[in-house]
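So this one's final00.txt, compact mmCIF, C-alpha atoms:
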# COMPACT_ATOMS: atom_id res chain seq x y z
CA MET A 225 110.84 109.26 93.73
CA SER A 226 113.67 108.30 96.07
CA LYS A 227 114.53 104.65 96.72
CA LYS A 228 112.43 103.03 99.43
CA THR A 229 112.35 99.59 100.98
CA LEU A 230 109.02 97.86 100.52
CA THR A 231 108.04 94.54 102.07
CA PHE A 232 105.38 92.15 100.84
CA LEU A 233 103.95 89.15 102.66
CA LEU A 234 102.33 86.47 100.52
CA MET A 235 100.29 83.51 101.69
CA ASP A 236 98.59 82.04 98.62
CA ALA A 237 99.81 78.85 96.97
CA PRO A 238 100.67 78.76 93.27
CA PHE A 239 97.88 78.36 90.72
CA GLU A 240 95.08 78.99 93.22
CA GLN A 241 94.36 82.71 93.42
CA ALA A 242 94.68 85.77 91.23
CA ARG A 243 96.24 87.50 94.24
CA VAL A 244 99.55 85.81 93.42
CA THR A 245 99.61 87.28 89.93
CA THR A 246 98.72 90.73 91.25
CA ALA A 247 101.44 90.43 93.88
CA PHE A 248 104.04 89.71 91.23
CA ARG A 249 102.79 92.69 89.21
CA LEU A 250 103.30 94.89 92.27
CA ILE A 251 106.74 93.49 93.03
CA GLU A 252 107.90 94.01 89.48
CA ASP A 253 106.53 97.56 89.47
CA ALA A 254 108.36 98.34 92.71
CA LEU A 255 111.67 97.13 91.25
CA GLU A 256 111.02 98.96 87.98
CA LYS A 257 110.75 102.13 90.05
CA GLY A 258 114.07 101.40 91.74
CA HIS A 259 112.85 100.36 95.18
CA ASP A 260 114.38 97.61 97.29
CA VAL A 261 111.94 94.77 97.86
CA ASN A 262 111.54 92.05 100.48
CA VAL A 263 109.13 89.16 100.10
CA PHE A 264 108.18 86.90 103.00
CA THR A 265 105.94 83.91 102.43
CA TYR A 266 103.72 81.98 104.78
CA GLU A 267 101.58 78.88 104.32
CA GLY A 268 100.87 78.11 100.67
CA GLY A 269 103.07 80.96 99.55
CA VAL A 270 106.19 78.97 100.41
CA SER A 271 105.50 76.75 97.40
CA LEU A 272 105.93 79.65 94.98
CA SER A 273 109.69 79.13 94.90
CA PHE A 274 109.70 75.31 94.86
CA THR A 275 112.28 74.05 92.36
CA GLU A 276 110.28 70.97 91.32
CA GLN A 277 107.48 72.89 89.59
CA LYS A 278 107.15 71.53 86.07
CA PRO A 279 105.17 72.63 83.02
CA HIS A 280 102.87 70.14 81.32
CA PRO A 281 101.15 69.74 77.95
CA ASN A 282 97.43 70.23 77.44
CA ALA A 283 96.00 67.02 76.05
CA VAL A 284 92.42 68.36 76.01
CA HIS A 285 93.36 71.13 73.61
CA GLY A 286 96.10 69.17 71.88
CA ARG A 287 98.96 71.42 72.92
CA SER A 288 102.47 70.25 73.61
CA VAL A 289 104.52 71.48 76.55
CA VAL A 290 106.12 74.06 74.29
CA GLU A 291 102.81 75.17 72.81
CA GLU A 292 101.07 75.33 76.16
CA GLU A 293 103.68 77.72 77.60
CA HIS A 294 102.61 76.83 81.10
CA PRO A 295 103.72 79.62 83.46
CA LEU A 296 105.56 78.66 86.64
CA PRO A 297 105.88 81.00 89.66
CA LYS A 298 109.46 79.88 90.28
CA ASP A 299 110.33 81.27 86.85
CA TRP A 300 108.55 84.53 87.69
CA ILE A 301 110.72 84.81 90.79
CA ALA A 302 113.87 84.14 88.75
CA PHE A 303 112.80 86.84 86.28
CA ILE A 304 112.27 89.30 89.12
CA GLN A 305 115.66 88.42 90.60
CA GLU A 306 117.29 89.33 87.29
CA LYS A 307 115.29 92.54 87.07
CA ALA A 308 116.46 93.52 90.55
CA LYS A 309 120.08 93.03 89.48
CA GLU A 310 119.58 95.11 86.35
CA LYS A 311 117.99 97.89 88.37
CA GLY A 312 120.58 97.79 91.14
CA CYS A 313 117.91 96.98 93.71
CA ASN A 314 118.06 94.67 96.68
CA PHE A 315 115.59 91.82 96.37
CA ASN A 316 115.21 89.36 99.22
CA TRP A 317 112.90 86.36 99.48
CA ILE A 318 112.37 84.35 102.66
CA ASN A 319 110.02 81.40 103.12
CA CYS A 320 108.68 80.47 106.56
CA GLY A 321 110.64 77.37 107.60
CA LEU A 322 107.84 75.61 109.44
CA CYS A 323 105.51 76.13 106.50
CA LEU A 324 108.18 74.65 104.20
CA ASP A 325 108.51 71.59 106.45
CA GLU A 326 104.74 71.01 106.64
CA ARG A 327 104.45 71.01 102.89
CA GLY A 328 107.71 69.23 102.08
CA VAL A 329 108.78 71.98 99.69
CA ASN A 330 112.14 72.87 101.12
CA ASP A 331 113.91 72.87 97.76
CA ALA A 332 113.59 76.49 96.75
CA ILE A 333 115.31 78.14 93.81
CA VAL A 334 118.59 79.95 94.42
CA GLY A 335 118.09 83.26 96.16
CA CYS A 336 115.02 82.16 98.12
CA GLU A 337 115.99 81.49 101.71
CA ARG A 338 114.50 79.75 104.71
CA GLY A 339 113.58 81.87 107.71
CA GLY A 340 110.91 82.71 110.23
CA PRO A 341 108.56 85.37 111.58
CA ALA A 342 111.47 87.19 113.24
CA ASP A 343 112.87 87.93 109.78
CA PHE A 344 109.55 89.39 108.69
CA LEU A 345 109.42 91.54 111.82
CA VAL A 346 112.88 92.97 111.13
CA TRP A 347 111.90 93.74 107.56
CA ALA A 348 108.61 95.34 108.56
CA LYS A 349 110.39 97.56 111.09
CA ASN A 350 112.94 98.68 108.51
CA SER A 351 110.60 99.22 105.58
CA THR A 352 108.77 102.32 104.47
CA SER A 353 105.70 100.18 104.01
CA THR A 354 104.64 96.56 104.37
CA LEU A 355 101.74 95.03 102.44
CA VAL A 356 100.24 91.80 103.73
CA ILE A 357 98.30 89.92 101.06
CA GLY A 358 96.49 87.31 103.10
CA THR A 359 94.42 84.34 102.12
CA LYS A 360 90.64 84.69 102.04
CA MET B 256 94.70 112.62 109.97
CA ALA B 257 96.13 109.67 108.08
CA LYS B 258 96.16 108.56 104.47
CA TYR B 259 94.65 105.13 103.85
CA PHE B 260 95.07 103.24 100.59
CA LEU B 261 92.74 100.27 100.68
CA ILE B 262 92.76 97.45 98.13
CA GLU B 263 89.69 95.31 97.43
CA SER B 264 90.11 92.27 95.19
CA ARG B 265 86.77 90.60 95.71
CA SER B 266 83.35 91.22 94.28
CA PRO B 267 80.44 91.95 96.65
CA PHE B 268 78.68 89.13 94.78
CA ASP B 269 81.38 86.71 96.01
CA SER B 270 81.33 87.52 99.67
CA ALA B 271 79.18 89.56 102.04
CA GLU B 272 82.40 90.53 103.81
CA VAL B 273 83.13 92.93 100.97
CA THR B 274 80.23 95.17 102.01
CA HIS B 275 81.89 95.50 105.42
CA ASN B 276 85.08 96.57 103.67
CA TYR B 277 83.18 99.29 101.80
CA GLN B 278 81.78 100.41 105.17
CA LEU B 279 85.29 100.54 106.60
CA ALA B 280 86.40 102.84 103.78
CA SER B 281 83.37 105.05 104.33
CA ASP B 282 83.85 105.17 108.11
CA LEU B 283 87.51 106.13 107.79
CA ALA B 284 86.65 108.92 105.37
CA ASN B 285 83.84 110.17 107.60
CA ALA B 286 86.31 110.23 110.47
CA GLY B 287 88.34 112.75 108.49
CA HIS B 288 91.04 110.54 107.00
CA GLU B 289 92.08 110.70 103.36
CA VAL B 290 90.93 107.39 101.89
CA THR B 291 91.50 105.76 98.53
CA LEU B 292 89.79 102.49 97.59
CA PHE B 293 91.60 100.66 94.79
CA LEU B 294 89.58 97.90 93.11
CA VAL B 295 91.47 95.05 91.50
CA GLU B 296 90.77 91.52 90.17
CA ASN B 297 87.09 90.57 90.75
CA GLY B 298 86.71 93.71 92.84
CA VAL B 299 86.21 95.59 89.58
CA PHE B 300 82.81 93.99 88.85
CA VAL B 301 81.10 96.51 91.12
CA THR B 302 82.31 99.38 88.94
CA ARG B 303 79.88 98.59 86.11
CA SER B 304 77.22 101.26 85.84
CA GLN B 305 74.61 98.50 85.47
CA ALA B 306 75.61 96.82 88.71
CA SER B 307 73.34 97.52 91.66
CA VAL B 308 75.19 97.30 94.95
CA HIS B 309 73.62 99.37 97.69
CA SER B 310 76.62 99.19 99.99
CA PHE B 311 78.84 100.76 97.31
CA ASN B 312 76.73 103.92 97.21
CA ASN B 313 78.02 105.46 100.44
CA LEU B 314 81.53 106.19 99.31
CA GLU B 315 81.21 109.85 98.27
CA LYS B 316 84.17 110.88 100.42
CA VAL B 317 86.40 108.07 99.18
CA ALA B 318 88.65 108.34 96.12
CA LEU B 319 87.65 105.37 93.94
CA LEU B 320 90.16 103.82 91.56
CA VAL B 321 89.95 100.70 89.42
CA ASP B 322 92.79 98.65 87.95
CA ASP B 323 92.59 99.09 84.18
CA PHE B 324 94.29 95.73 83.59
CA SER B 325 91.64 93.90 85.65
CA LEU B 326 88.91 95.64 83.64
CA ARG B 327 90.42 94.46 80.36
CA GLU B 328 90.84 90.91 81.68
CA ARG B 329 87.11 90.78 82.40
CA GLY B 330 85.97 92.45 79.20
CA ILE B 331 84.66 95.54 80.94
CA GLU B 332 84.88 98.59 78.72
CA LEU B 333 85.86 101.93 80.25
CA SER B 334 82.56 103.30 78.99
CA GLU B 335 80.75 100.86 81.30
CA VAL B 336 82.52 102.11 84.43
CA ARG B 337 80.66 104.45 86.76
CA SER B 338 81.78 108.05 86.25
CA GLU B 339 82.94 108.56 89.84
CA ILE B 340 85.45 105.71 89.53
CA LYS B 341 88.73 106.47 87.82
CA PRO B 342 90.68 103.82 85.88
CA ALA B 343 94.22 103.63 87.18
CA ASN B 344 97.46 101.73 86.97
CA LEU B 345 98.33 99.16 89.63
CA GLY B 346 101.58 101.03 90.13
CA LEU B 347 99.69 103.54 92.25
CA VAL B 348 99.68 100.91 95.00
CA VAL B 349 103.48 100.91 94.95
CA ASP B 350 103.52 104.70 94.95
CA ALA B 351 101.22 104.77 97.97
CA MET B 352 103.50 102.33 99.79
CA ALA B 353 106.56 104.40 98.93
CA GLU B 354 104.82 107.50 100.26
CA GLY B 355 104.22 105.76 103.56
CA GLN B 356 100.45 105.68 103.28
CA LYS B 357 98.63 103.05 105.34
CA VAL B 358 98.19 100.46 102.60
CA MET B 359 95.90 97.54 103.37
CA TRP B 360 94.74 94.63 101.27
CA LEU B 361 91.21 94.08 102.55
Representation of the structure as structure tokens:
Amino acid sequence: MSKKTLTFLLMDAPFEQARVTTAFRLIEDALEKGHDVNVFTYEGGVSLSFTEQKPHPNAVHGRSVVEEEHPLPKDWIAFIQEKAKEKGCNFNWINCGLCLDERGVNDAIVGCERGGPADFLVWAKNSTSTLVIGTK
Amino acid sequence: MAKYFLIESRSPFDSAEVTHNYQLASDLANAGHEVTLFLVENGVFVTRSQASVHSFNNLEKVALLVDDFSLRERGIELSEVRSEIKPANLGLVVDAMAEGQKVMWL
């Protein structure tokens, strides 16, 4: 299949909905197949790239931080960024600026930029397909 | 006529809205469009042959697919899945997007 540009819009915050995990599965699959990928986040989705996410131990089950292996979405994004480089794909991530300000999560990991709806519109116009995964 | 690839992640037992989404898939197919309904996450609960969901029974013209990973997560064996629903890989969503189908997460 020839290289396409696919855009995803995410709105769910970390740790709340299975939709986030499915979205990352889709994004990884798209890169694995050699497509260029754009991700725009609104609302809770802007927290996915927040640098201050931290793992924690599980005192109830007696697991240390290392044993708990607590997954963090910011690390998933970093993994996908590396995958994109390995595959020679373009991978862009933009968080809605106003949503970042509301939530006080402006510190995003490297490679995740601040933007606005106009950026999403440009991407949608220039993509083969755009998938909006909204909150429910 | 267009190609629609619809994704349903919720169970009809979670929300009555899901029955409307099944109706949408049915209506599009009856209008002559090529329609695929891909069930993922809790949307796979309806695929069990023991489940009784009246609104899911009007989808004869719709291609029904279910995410095999979501089935495994929920302990649903392939042998429990209704025969008209085909287990599939989530990558088909990406393929549909790359083909330019009208992909919608319901």
Selected residue, from A:Thr359, A:Thr265, A:Asn316, A:Thr275, that lies nearest to chain B when counting all atoms listed in the file:
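Smallest distance to chain B is found for A:Thr359.
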Can you list, as a list in words, every protein, DNA or RNA residue that comes within 9 Å of Asp236 in chain A when you count all atoms listed in the file, leaving out same-chain residues fewer than 6 positions away?
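Neighbouring residues, sequence-local ones excluded: Arg243, Val244, Thr265, Tyr266, Glu267, Gly268, Gly269, Val270, Ser271, Leu272, Ile357, Gly358 and Thr359 of chain A.
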Enumerate, in order of chain and increasing residue number, the residues of chain B with an atom no farther than 12 Å from chain A, each with its shortest atom pair and distance in Å to one decimal, counting only C-alpha atoms, as CSV.
residue,atom,partner,partner_atom,distance
B:Phe260,CA,A:Leu355,CA,10.7
B:Leu261,CA,A:Leu355,CA,10.6
B:Ile262,CA,A:Ile357,CA,9.8
B:Glu263,CA,A:Arg243,CA,10.7
B:Ser264,CA,A:Arg243,CA,7.8
B:Arg265,CA,A:Lys360,CA,9.5
B:Asp269,CA,A:Lys360,CA,11.2
B:Ser270,CA,A:Lys360,CA,10.0
B:Glu272,CA,A:Lys360,CA,10.3
B:Val273,CA,A:Lys360,CA,11.2
B:Leu294,CA,A:Thr246,CA,11.8
B:Val295,CA,A:Thr246,CA,8.4
B:Glu296,CA,A:Ala242,CA,7.0
B:Asn297,CA,A:Ala242,CA,9.0
B:Gly298,CA,A:Ala242,CA,11.4
B:Asp322,CA,A:Thr246,CA,10.4
B:Phe324,CA,A:Thr246,CA,10.2
B:Ser325,CA,A:Thr246,CA,9.6
B:Glu328,CA,A:Ala242,CA,11.5
B:Asn344,CA,A:Asp253,CA,10.3
B:Leu345,CA,A:Leu250,CA,7.1
B:Gly346,CA,A:Asp253,CA,6.1
B:Leu347,CA,A:Leu250,CA,9.4
B:Val348,CA,A:Leu250,CA,7.5
B:Val349,CA,A:Ala254,CA,6.0
B:Asp350,CA,A:Ala254,CA,8.3
B:Ala351,CA,A:Ser353,CA,8.8
B:Met352,CA,A:Ser353,CA,5.2
B:Ala353,CA,A:Lys228,CA,6.0
B:Glu354,CA,A:Thr352,CA,7.8
B:Gly355,CA,A:Thr352,CA,5.8
B:Gln356,CA,A:Ser353,CA,7.6
B:Lys357,CA,A:Ser353,CA,7.7
B:Val358,CA,A:Leu355,CA,6.5
B:Met359,CA,A:Leu355,CA,6.4
B:Trp360,CA,A:Ile357,CA,5.9
B:Leu361,CA,A:Ile357,CA,8.4
If I put a ball of radius 12 Å at (107.6, 83.8, 96.3) in the file's coordinates, which residues poke into it when counting only C-alpha atoms, written as a PyMOL selection string?
chain A and resi 232-238+244-245+247-248+251+261-275+296-305+315-320+332-338
note - CA of Val290 in chain B and CA of Ala306 in chain B are separated by 22.8 Å
By how many Å are CA of Ala284 in chain B and CA of Leu314 in chain B apart?
8.4 Å
Atom-to-atom span, CA of Gly287 in chain B and CA of Asn313 in chain B, Å
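Going from CA of Gly287 in chain B over to CA of Asn313 in chain B covers 15.0 Å.
Omitting Ile331 in chain B and its sequence neighbours fewer than 5 positions away, and counting only C-alpha atoms, the residues within 9 Å are Val299, Phe300, Arg303, Ser325, Leu326 and Val336 of chain B.
Shortest separation to Asn282 in chain A among A:Asn350, A:Lys311, A:Gly328, A:His294 occurs at residue A:His294, atoms counted being all atoms listed in the file.
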Distance criterion (all atoms listed in the file): nearest to Leu320 in chain B out of B:Tyr259, B:Tyr277, B:Phe268, B:Phe293
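Of B:Tyr259, B:Tyr277, B:Phe268, B:Phe293, the one nearest Leu320 in chain B, counting all atoms listed in the file, is B:Phe293.
Among the candidates B:Asn276, B:Arg329, B:Pro267, B:Ser338, the one nearest to Ser307 in chain B when counting all atoms listed in the file is B:Pro267.
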Do you know which residues are at most 9 Å from Met256 in chain B counting all atoms listed in the file, after dropping those on the same chain fewer than 2 positions away, and could you put them as a PyMOL selection string?
chain B and resi 258+286-289
